$ cat entry_35.txt   # compact mmCIF, C-alpha atoms and all ligand atoms
# COMPACT_ATOMS: atom_id res chain seq x y z
CA MET P 15 0.00 0.00 0.00
CA GLN P 16 1.45 3.42 -0.94
CA SER P 17 1.38 6.22 1.59
CA LYS P 18 -2.23 6.53 2.66
CA LEU P 19 -4.50 8.71 4.74
CA ILE P 20 -6.12 6.49 7.34
CA PHE P 21 -9.05 7.71 9.40
CA VAL P 22 -9.09 5.50 12.49
CA THR P 23 -11.79 5.52 15.16
CA GLY P 24 -11.18 4.09 18.62
CA GLY P 25 -7.44 4.17 18.00
CA LEU P 26 -6.64 4.45 21.71
CA GLY P 27 -8.42 1.18 22.51
CA PHE P 28 -6.67 -2.16 22.72
CA ILE P 29 -6.71 -3.24 19.07
CA GLY P 30 -6.90 0.27 17.63
CA LYS P 31 -3.68 1.44 19.28
CA HIS P 32 -1.70 -1.51 17.91
CA PHE P 33 -3.13 -0.74 14.47
CA VAL P 34 -2.32 2.98 14.75
CA LYS P 35 1.27 2.26 15.84
CA ARG P 36 1.81 -0.05 12.87
CA CYS P 37 0.36 2.51 10.44
CA LEU P 38 2.47 5.35 11.88
CA ASP P 39 5.61 3.22 11.61
CA MET P 40 4.76 2.53 7.96
CA GLY P 41 4.50 6.28 7.31
CA TYR P 42 0.74 6.49 6.80
CA PHE P 43 -0.95 9.66 8.00
CA VAL P 44 -3.36 8.70 10.77
CA THR P 45 -6.24 10.79 12.05
CA ASN P 46 -7.57 9.08 15.18
CA VAL P 47 -11.00 9.99 16.51
CA ASP P 48 -11.37 8.60 20.00
CA ILE P 49 -13.69 9.78 22.74
CA VAL P 50 -11.12 8.57 25.34
CA ASN P 51 -13.43 6.46 27.48
CA TYR P 52 -12.32 4.33 30.46
CA ALA P 53 -10.62 1.75 28.18
CA ALA P 54 -8.61 4.28 26.17
CA ASP P 55 -4.82 4.29 26.62
CA ARG P 56 -3.71 7.86 27.31
CA PHE P 57 -0.04 6.80 27.46
CA ALA P 58 -0.27 5.48 23.91
CA ASN P 59 -1.74 8.79 22.79
CA GLU P 60 1.23 10.69 24.23
CA LYS P 61 3.61 8.39 22.35
CA PHE P 62 1.69 8.77 19.09
CA LYS P 63 1.83 12.56 19.42
CA THR P 64 5.61 12.36 18.95
CA TYR P 65 4.98 11.28 15.34
CA ASN P 66 4.40 14.11 12.87
CA ASN P 67 2.04 11.90 10.84
CA TYR P 68 -0.49 11.61 13.70
CA ARG P 69 -3.46 13.68 14.74
CA HIS P 70 -5.91 12.89 17.55
CA ILE P 71 -9.41 14.32 17.70
CA GLU P 72 -11.22 13.75 20.99
CA GLU P 73 -14.78 13.26 19.80
CA ASP P 74 -17.72 10.88 19.89
CA ILE P 75 -18.10 9.22 16.48
CA ALA P 76 -21.88 9.50 16.85
CA ASN P 77 -21.54 13.31 16.96
CA LEU P 78 -18.91 13.68 14.29
CA SER P 79 -19.70 16.50 11.87
CA HIS P 80 -16.83 16.21 9.43
CA LEU P 81 -14.92 13.43 7.73
CA PRO P 82 -11.45 14.56 6.69
CA GLU P 83 -9.90 13.54 3.39
CA SER P 84 -9.03 9.84 3.78
CA ASP P 85 -8.46 6.67 1.79
CA PHE P 86 -9.81 4.35 4.48
CA ILE P 87 -12.00 4.59 7.57
CA VAL P 88 -11.09 1.82 10.00
CA ASN P 89 -13.77 1.72 12.65
CA PHE P 90 -12.62 0.19 15.94
CA ALA P 91 -14.63 2.58 18.15
CA ALA P 92 -17.10 0.63 20.23
CA GLU P 93 -18.14 -0.37 23.68
CA SER P 94 -16.53 -3.79 23.79
CA HIS P 95 -17.16 -5.57 27.08
CA VAL P 96 -20.05 -8.06 27.14
CA ASP P 97 -20.60 -7.88 30.91
CA ASN P 98 -21.06 -4.09 30.74
CA SER P 99 -23.62 -4.51 27.97
CA ILE P 100 -25.61 -6.92 30.13
CA SER P 101 -25.67 -4.34 32.96
CA ASP P 102 -26.62 -1.41 30.72
CA SER P 103 -26.88 -1.51 26.93
CA ARG P 104 -27.57 2.17 26.27
CA GLN P 105 -24.00 3.26 25.50
CA PHE P 106 -23.55 0.15 23.37
CA CYS P 107 -26.49 1.13 21.16
CA HIS P 108 -25.18 4.68 21.00
CA SER P 109 -21.54 3.98 20.03
CA ASN P 110 -21.84 0.65 18.25
CA ILE P 111 -24.96 1.41 16.19
CA LEU P 112 -25.54 5.18 16.02
CA GLY P 113 -21.79 5.77 15.80
CA VAL P 114 -21.57 3.53 12.72
CA GLN P 115 -24.66 5.13 11.22
CA ARG P 116 -22.98 8.53 11.59
CA LEU P 117 -19.75 7.37 9.94
CA LEU P 118 -21.72 5.84 7.07
CA GLU P 119 -23.72 9.03 6.58
CA LEU P 120 -20.56 11.13 6.47
CA SER P 121 -19.04 8.66 3.98
CA ARG P 122 -21.99 8.64 1.64
CA ALA P 123 -22.18 12.44 1.69
CA LYS P 124 -18.87 12.47 -0.17
CA ALA P 125 -18.74 12.10 -3.94
CA ALA P 126 -18.22 8.44 -4.92
CA SER P 127 -14.74 9.25 -6.26
CA ASP P 128 -13.80 10.85 -2.92
CA ALA P 129 -15.46 8.49 -0.42
CA PRO P 130 -13.15 6.40 1.77
CA HIS P 131 -13.18 2.62 1.83
CA PHE P 132 -15.03 1.59 5.01
CA ILE P 133 -13.44 -1.10 7.18
CA GLN P 134 -15.83 -2.20 9.92
CA ILE P 135 -14.15 -4.10 12.75
CA SER P 136 -16.56 -6.77 13.88
CA THR P 137 -16.51 -9.91 15.97
CA ASP P 138 -17.07 -13.68 15.91
CA GLU P 139 -19.80 -13.03 18.48
CA VAL P 140 -22.24 -11.79 15.82
CA TYR P 141 -22.75 -15.43 14.74
CA GLY P 142 -23.50 -16.62 18.26
CA ASP P 143 -22.03 -19.86 19.48
CA ILE P 144 -21.36 -23.12 17.67
CA VAL P 145 -20.82 -26.43 19.47
CA GLN P 146 -19.13 -28.21 16.58
CA GLY P 147 -17.71 -26.99 13.28
CA ARG P 148 -17.04 -23.39 12.30
CA HIS P 149 -19.02 -20.39 11.18
CA ALA P 150 -18.38 -19.24 7.62
CA GLU P 151 -18.93 -15.64 6.50
CA SER P 152 -22.26 -16.77 5.03
CA SER P 153 -23.56 -18.11 8.37
CA ALA P 154 -26.64 -16.44 9.84
CA LEU P 155 -26.10 -13.77 12.50
CA ARG P 156 -27.54 -14.97 15.83
CA PRO P 157 -26.07 -12.75 18.55
CA SER P 158 -26.55 -13.88 22.15
CA ASN P 159 -26.11 -10.69 24.19
CA PRO P 160 -26.58 -6.92 23.88
CA TYR P 161 -22.93 -6.33 22.88
CA SER P 162 -23.00 -8.81 20.01
CA ALA P 163 -26.48 -7.67 18.98
CA THR P 164 -25.20 -4.10 18.53
CA LYS P 165 -22.19 -5.36 16.56
CA ALA P 166 -24.45 -7.47 14.31
CA ALA P 167 -26.67 -4.41 13.79
CA ALA P 168 -23.60 -2.39 12.77
CA ASP P 169 -22.60 -5.04 10.19
CA MET P 170 -26.10 -4.85 8.74
CA LEU P 171 -25.96 -1.06 8.52
CA VAL P 172 -22.72 -1.26 6.55
CA ILE P 173 -24.17 -3.79 4.11
CA GLY P 174 -27.39 -1.80 3.71
CA TRP P 175 -25.58 1.51 3.14
CA ALA P 176 -23.33 -0.17 0.56
CA ARG P 177 -26.29 -1.36 -1.49
CA THR P 178 -28.19 1.94 -1.31
CA TYR P 179 -25.37 4.47 -1.50
CA GLY P 180 -22.51 2.55 -3.10
CA ILE P 181 -20.22 2.59 -0.03
CA ARG P 182 -17.14 0.39 -0.57
CA TYR P 183 -16.50 -1.72 2.51
CA ASN P 184 -15.02 -4.74 4.22
CA ILE P 185 -16.28 -6.27 7.45
CA VAL P 186 -13.62 -8.00 9.54
CA ARG P 187 -14.99 -10.52 12.07
CA MET P 188 -12.30 -11.50 14.55
CA THR P 189 -12.10 -13.95 17.42
CA ASN P 190 -10.96 -12.97 20.96
CA ASN P 191 -7.90 -10.73 20.85
CA TYR P 192 -5.16 -10.85 23.45
CA GLY P 193 -1.78 -9.14 23.73
CA PRO P 194 0.14 -6.40 25.51
CA ASN P 195 -1.60 -3.53 27.27
CA GLN P 196 -5.22 -4.67 27.14
CA TYR P 197 -7.57 -2.94 29.54
CA PRO P 198 -7.84 -5.23 32.60
CA GLU P 199 -11.53 -6.03 32.35
CA LYS P 200 -11.04 -8.86 29.85
CA LEU P 201 -10.20 -12.42 30.95
CA ILE P 202 -6.42 -12.50 30.47
CA PRO P 203 -5.30 -9.09 31.81
CA LYS P 204 -7.84 -9.11 34.61
CA SER P 205 -6.75 -12.57 35.77
CA VAL P 206 -3.04 -11.69 35.53
CA MET P 207 -3.59 -8.55 37.58
CA ARG P 208 -5.54 -10.39 40.28
CA LEU P 209 -3.08 -13.28 40.56
CA ARG P 210 -0.15 -10.86 40.81
CA ARG P 211 -1.96 -9.16 43.72
CA GLY P 212 -2.44 -12.51 45.49
CA LEU P 213 -6.14 -12.73 44.59
CA PRO P 214 -7.77 -15.64 42.74
CA ALA P 215 -8.95 -15.07 39.18
CA LEU P 216 -12.72 -14.89 38.72
CA MET P 217 -14.13 -17.67 36.54
CA HIS P 218 -17.63 -17.56 35.10
CA GLY P 219 -19.44 -20.84 35.88
CA ASN P 220 -17.32 -23.95 35.41
CA GLY P 221 -14.98 -22.30 32.88
CA SER P 222 -15.75 -24.80 30.14
CA TYR P 223 -16.53 -22.14 27.52
CA ILE P 224 -14.26 -22.21 24.52
CA ARG P 225 -12.79 -19.14 22.85
CA SER P 226 -10.33 -18.84 20.01
CA TRP P 227 -7.36 -16.60 20.87
CA LEU P 228 -5.85 -14.27 18.31
CA HIS P 229 -2.81 -12.13 19.09
CA VAL P 230 -3.54 -8.44 18.50
CA LYS P 231 -0.50 -8.11 16.22
CA ASP P 232 -1.83 -10.94 14.05
CA SER P 233 -5.17 -9.09 13.94
CA VAL P 234 -3.47 -5.92 12.77
CA GLU P 235 -1.73 -7.84 9.96
CA ALA P 236 -5.05 -9.44 9.01
CA ILE P 237 -6.73 -6.02 8.73
CA LEU P 238 -3.85 -4.64 6.64
CA THR P 239 -3.96 -7.71 4.39
CA ILE P 240 -7.68 -7.13 3.79
CA MET P 241 -7.10 -3.43 3.08
CA VAL P 242 -4.43 -4.24 0.48
CA LYS P 243 -5.60 -7.50 -1.07
CA GLY P 244 -9.20 -7.97 0.02
CA GLU P 245 -12.12 -8.03 -2.38
CA SER P 246 -14.32 -5.00 -1.92
CA ASN P 247 -17.75 -5.42 -0.28
CA THR P 248 -16.78 -8.74 1.28
CA VAL P 249 -16.81 -10.07 4.82
CA TYR P 250 -13.64 -11.72 6.18
CA ASN P 251 -13.46 -13.95 9.25
CA VAL P 252 -10.22 -13.95 11.26
CA HIS P 253 -9.62 -16.96 13.49
CA GLY P 254 -6.75 -17.53 15.90
CA ASP P 255 -5.25 -21.00 15.82
CA CYS P 256 -5.70 -21.52 19.54
CA GLU P 257 -9.07 -22.72 20.87
CA LEU P 258 -9.06 -23.06 24.65
CA SER P 259 -11.57 -23.28 27.47
CA ASN P 260 -11.46 -20.38 29.93
CA ILE P 261 -10.38 -22.72 32.73
CA ASP P 262 -7.40 -23.86 30.65
CA VAL P 263 -6.39 -20.25 30.02
CA LEU P 264 -6.51 -19.61 33.77
CA ARG P 265 -4.47 -22.75 34.47
CA LYS P 266 -1.80 -21.57 32.05
CA ILE P 267 -1.60 -18.11 33.66
CA ALA P 268 -1.44 -19.64 37.14
CA SER P 269 1.33 -21.98 36.08
CA ILE P 270 3.40 -19.10 34.59
CA LEU P 271 3.00 -17.13 37.83
CA ASP P 272 3.67 -20.18 40.04
CA VAL P 273 0.27 -20.08 41.71
CA PRO P 274 -1.04 -23.53 42.77
CA GLU P 275 -4.30 -24.42 41.01
CA LYS P 276 -6.25 -24.52 44.29
CA ASP P 277 -5.51 -20.79 44.79
CA ALA P 278 -5.74 -19.77 41.15
CA PHE P 279 -9.44 -19.12 40.59
CA VAL P 280 -12.89 -18.97 42.17
CA GLN P 281 -16.19 -19.54 40.43
CA ILE P 282 -18.60 -16.65 40.01
CA PRO P 283 -22.14 -16.95 38.61
CA ASP P 284 -22.27 -17.73 34.96
CA ARG P 285 -22.73 -14.90 32.48
CA VAL P 286 -26.37 -14.70 31.36
CA GLY P 287 -26.67 -16.01 27.78
CA GLN P 288 -23.11 -17.40 27.94
CA ASP P 289 -21.89 -18.63 24.55
CA VAL P 290 -20.53 -22.20 24.65
CA ARG P 291 -17.95 -21.88 21.88
CA TYR P 292 -16.95 -19.53 19.08
CA SER P 293 -15.14 -20.79 16.03
CA LEU P 294 -14.65 -19.32 12.57
CA ASP P 295 -13.71 -20.64 9.14
CA ASP P 296 -11.23 -18.06 7.83
CA ASN P 297 -10.08 -19.79 4.63
CA ARG P 298 -11.18 -16.76 2.60
CA LEU P 299 -8.63 -14.60 4.42
CA ARG P 300 -5.92 -17.27 4.40
CA ALA P 301 -6.24 -17.46 0.61
CA LEU P 302 -4.92 -13.86 0.61
CA GLY P 303 -1.73 -15.10 2.32
CA TRP P 304 -2.43 -14.24 5.97
CA ASN P 305 -1.73 -16.71 8.76
CA PRO P 306 -1.43 -16.08 12.50
CA ALA P 307 2.26 -15.94 13.39
CA LEU P 308 2.43 -15.59 17.17
CA ASP P 309 2.44 -18.47 19.63
CA PHE P 310 -0.18 -18.29 22.40
CA ASP P 311 1.90 -19.89 25.18
CA GLN P 312 4.93 -17.69 24.54
CA GLU P 313 2.88 -14.49 24.24
CA LEU P 314 0.83 -15.33 27.33
CA LYS P 315 4.07 -15.71 29.25
CA ASN P 316 5.26 -12.29 28.05
CA ILE P 317 1.99 -10.69 29.19
CA ALA P 318 1.87 -12.47 32.55
CA VAL P 319 5.47 -11.59 33.37
CA GLU P 320 6.00 -8.20 31.72
CA ASP P 321 2.71 -6.37 31.20
CA ASP P 322 2.52 -3.03 32.98
CA PHE P 323 -1.06 -2.22 33.90
CA ARG P 324 -0.19 1.08 35.62
CA ARG P 325 -1.24 2.93 32.48
CA PHE P 326 -4.85 2.05 33.35
CA LEU P 327 -4.77 2.81 37.08
N1 LIG E 1 -11.05 -7.19 22.01
C1 LIG E 1 -11.48 -8.25 21.33
O1 LIG E 1 -11.21 -9.39 21.69
C2 LIG E 1 -12.29 -8.05 20.06
C3 LIG E 1 -12.54 -9.18 19.24
C4 LIG E 1 -13.24 -8.99 18.05
C5 LIG E 1 -13.68 -7.72 17.69
N2 LIG E 1 -13.45 -6.66 18.51
C6 LIG E 1 -13.90 -5.34 18.07
O2 LIG E 1 -12.73 -4.56 17.85
C7 LIG E 1 -12.99 -3.20 18.17
C8 LIG E 1 -11.96 -2.71 19.16
O3 LIG E 1 -12.03 -3.50 20.35
P1 LIG E 1 -11.09 -3.19 21.58
O4 LIG E 1 -11.00 -4.44 22.38
O5 LIG E 1 -9.86 -2.54 21.10
O6 LIG E 1 -11.99 -2.13 22.37
P2 LIG E 1 -11.61 -1.18 23.59
O7 LIG E 1 -12.81 -1.15 24.46
O8 LIG E 1 -10.29 -1.56 24.16
O9 LIG E 1 -11.41 0.24 22.90
C9 LIG E 1 -12.45 0.96 22.31
C10 LIG E 1 -11.95 2.37 22.01
O10 LIG E 1 -13.01 3.05 21.33
C11 LIG E 1 -13.21 4.32 21.93
N3 LIG E 1 -14.64 4.66 21.79
C12 LIG E 1 -15.69 4.01 22.34
N4 LIG E 1 -16.85 4.59 21.98
C13 LIG E 1 -16.52 5.65 21.20
C14 LIG E 1 -17.26 6.66 20.53
N5 LIG E 1 -18.60 6.71 20.61
N6 LIG E 1 -16.59 7.58 19.79
C15 LIG E 1 -15.24 7.56 19.72
N7 LIG E 1 -14.48 6.64 20.33
C16 LIG E 1 -15.12 5.69 21.07
C17 LIG E 1 -12.78 4.17 23.37
O11 LIG E 1 -12.42 5.41 23.96
C18 LIG E 1 -11.61 3.19 23.26
O12 LIG E 1 -10.39 3.87 23.09
C19 LIG E 1 -14.42 -3.13 18.69
O13 LIG E 1 -15.24 -2.72 17.63
C20 LIG E 1 -14.73 -4.57 19.07
O14 LIG E 1 -16.10 -4.84 18.92
C21 LIG E 1 -12.75 -6.79 19.68

$ encode --input "entry_35.txt" --output "structure tokens"
Amino acid sequence: MQSKLIFVTGGLGFIGKHFVKRCLDMGYFVTNVDIVNYAADRFANEKFKTYNNYRHIEEDIANLSHLPESDFIVNFAAESHVDNSISDSRQFCHSNILGVQRLLELSRAKAASDAPHFIQISTDEVYGDIVQGRHAESSALRPSNPYSATKAAADMLVIGWARTYGIRYNIVRMTNNYGPNQYPEKLIPKSVMRLRRGLPALMHGNGSYIRSWLHVKDSVEAILTIMVKGESNTVYNVHGDCELSNIDVLRKIASILDVPEKDAFVQIPDRVGQDVRYSLDDNRLRALGWNPALDFDQELKNIAVEDDFRRFL
């Protein structure tokens, strides 16, 4: 990809900041609109500001009034934590649905020759769970909780706007991301933080639920691959090569930190509507040459031993 203007939203969140860093290092000009909510990484923003190809706009995507000149919009901005959506879904509907509607409206207001290519960052959760086999991009969307329902709604908006207004898009549906500097509300960073403080990790139910783990740097490469080589107006699944039950993830973290299993976790009530397993068929993306490169056990060790969560305290 030649030097590009990339309009990123949510670029201070976990996945967005890794994407922004990679783009800045490649010399792309990045405009990052981020409202800077509780999950945003203010330290990352200070680092990005040392690049002269970076600009941050602190704004809610749902209130955005102007879309600067750009080749791509990459929309990471969202409320992303399922448990929060079960407590109160209002902000999820606002950011994840109305925010996307706003970005699509601003895109379609541009002349077709000037409109950016819309990359919607979505999730495996829009398909709901699957006990055996894998969801393909053509599988029906059957979300199980308010978070995934808002993400499925956003995917539908993108597809509808493309048909009516000629928006060019890709939807990228990824499995669970992990990696350095994730806000400690998600399973891995939260459990690492608790175990380091001498507290047991909190495990929903019996921990048998299976998730597929994808390193955030592999996700970033997947998104860039789709931007460069992907077919326009196509959905791409992105699947990590590491399916594990939550209890096995906790056992691995405990073993790295030398915590005996009996002290490593306690059960808490199961999440309402808990999905049993997510799994995606991502052969469409792999045909473009992408494969996950990073090893879960090694990267988990790096996080458990080295991650510095002070940036979020
Ligand atoms: N984390 C995962 O495992 C995972 C997996 C698949 C897909 N996704 C999707 O990837 C995207 C990024 O996830 P994440 O884990 O990095 O999220 P995150 O919660 O870490 O970060 C979200 C970022 O978006 C910003 N934001 C939220 N609402 C906004 C608004 N209305 N306007 C402007 N900025 C806003 C926040 O300030 C924050 O910096 C989300 O769309 C999520 O649905 C995440």

$ closest_atom_pairs --input "entry_35.txt" --of "chain P" --to "ligand LIG 1 (chain E)" --cutoff "7 Å" --atoms "all atoms listed in the file" --output "Markdown table"
| residue | atom | partner | partner_atom | distance |
| --- | --- | --- | --- | --- |
| P:Thr23 | CA | E:LIG1 | N7 | 5.9 |
| P:Gly24 | CA | E:LIG1 | O10 | 3.4 |
| P:Gly25 | CA | E:LIG1 | O12 | 5.9 |
| P:Leu26 | CA | E:LIG1 | O12 | 4.0 |
| P:Gly27 | CA | E:LIG1 | O9 | 3.2 |
| P:Phe28 | CA | E:LIG1 | O5 | 3.6 |
| P:Ile29 | CA | E:LIG1 | O5 | 3.8 |
| P:Gly30 | CA | E:LIG1 | O5 | 5.4 |
| P:Val47 | CA | E:LIG1 | C15 | 5.8 |
| P:Asp48 | CA | E:LIG1 | N7 | 3.7 |
| P:Ile49 | CA | E:LIG1 | N7 | 4.0 |
| P:Val50 | CA | E:LIG1 | O11 | 3.7 |
| P:Asn51 | CA | E:LIG1 | O11 | 3.8 |
| P:Tyr52 | CA | E:LIG1 | O11 | 6.6 |
| P:Ala53 | CA | E:LIG1 | O7 | 5.2 |
| P:Ala54 | CA | E:LIG1 | O12 | 3.6 |
| P:Asp55 | CA | E:LIG1 | O12 | 6.6 |
| P:Glu73 | CA | E:LIG1 | C15 | 5.7 |
| P:Asp74 | CA | E:LIG1 | N6 | 3.5 |
| P:Ile75 | CA | E:LIG1 | N6 | 4.0 |
| P:Ala76 | CA | E:LIG1 | N5 | 5.7 |
| P:Asn89 | CA | E:LIG1 | O13 | 6.8 |
| P:Phe90 | CA | E:LIG1 | C7 | 4.1 |
| P:Ala91 | CA | E:LIG1 | O10 | 3.6 |
| P:Ala92 | CA | E:LIG1 | C12 | 4.2 |
| P:Glu93 | CA | E:LIG1 | C12 | 5.2 |
| P:Ser94 | CA | E:LIG1 | O7 | 4.6 |
| P:His95 | CA | E:LIG1 | O7 | 6.7 |
| P:His108 | CA | E:LIG1 | N5 | 6.9 |
| P:Ser109 | CA | E:LIG1 | N5 | 4.1 |
| P:Gly113 | CA | E:LIG1 | N5 | 5.8 |
| P:Ile135 | CA | E:LIG1 | O13 | 5.2 |
| P:Ser136 | CA | E:LIG1 | C5 | 4.9 |
| P:Thr137 | CA | E:LIG1 | C5 | 4.0 |
| P:Asp138 | CA | E:LIG1 | C4 | 6.4 |
| P:Lys165 | CA | E:LIG1 | O14 | 6.6 |
| P:Arg187 | CA | E:LIG1 | C5 | 6.4 |
| P:Met188 | CA | E:LIG1 | C4 | 4.4 |
| P:Thr189 | CA | E:LIG1 | C3 | 5.1 |
| P:Asn190 | CA | E:LIG1 | O1 | 3.7 |
| P:Asn191 | CA | E:LIG1 | O1 | 3.7 |
| P:Tyr192 | CA | E:LIG1 | O1 | 6.5 |
| P:Gln196 | CA | E:LIG1 | O8 | 6.7 |
| P:Tyr197 | CA | E:LIG1 | O8 | 6.2 |

$ atom_distance --input "entry_35.txt" --atom1 "CA of Glu313 (chain P)" --atom2 "CA of Arg325 (chain P)"
19.7 Å

$ atom_distance --input "entry_35.txt" --atom1 "CA of Val280 (chain P)" --atom2 "CA of Val96 (chain P)"
19.9 Å

$ atom_distance --input "entry_35.txt" --atom1 "CA of Cys256 (chain P)" --atom2 "CA of Ser226 (chain P)"
5.4 Å

$ closest_residue --input "entry_35.txt" --among "P:Ile224, P:Leu271, P:Val286, P:Ala176" --to "Asn316 (chain P)" --atoms "all atoms listed in the file"
P:Leu271
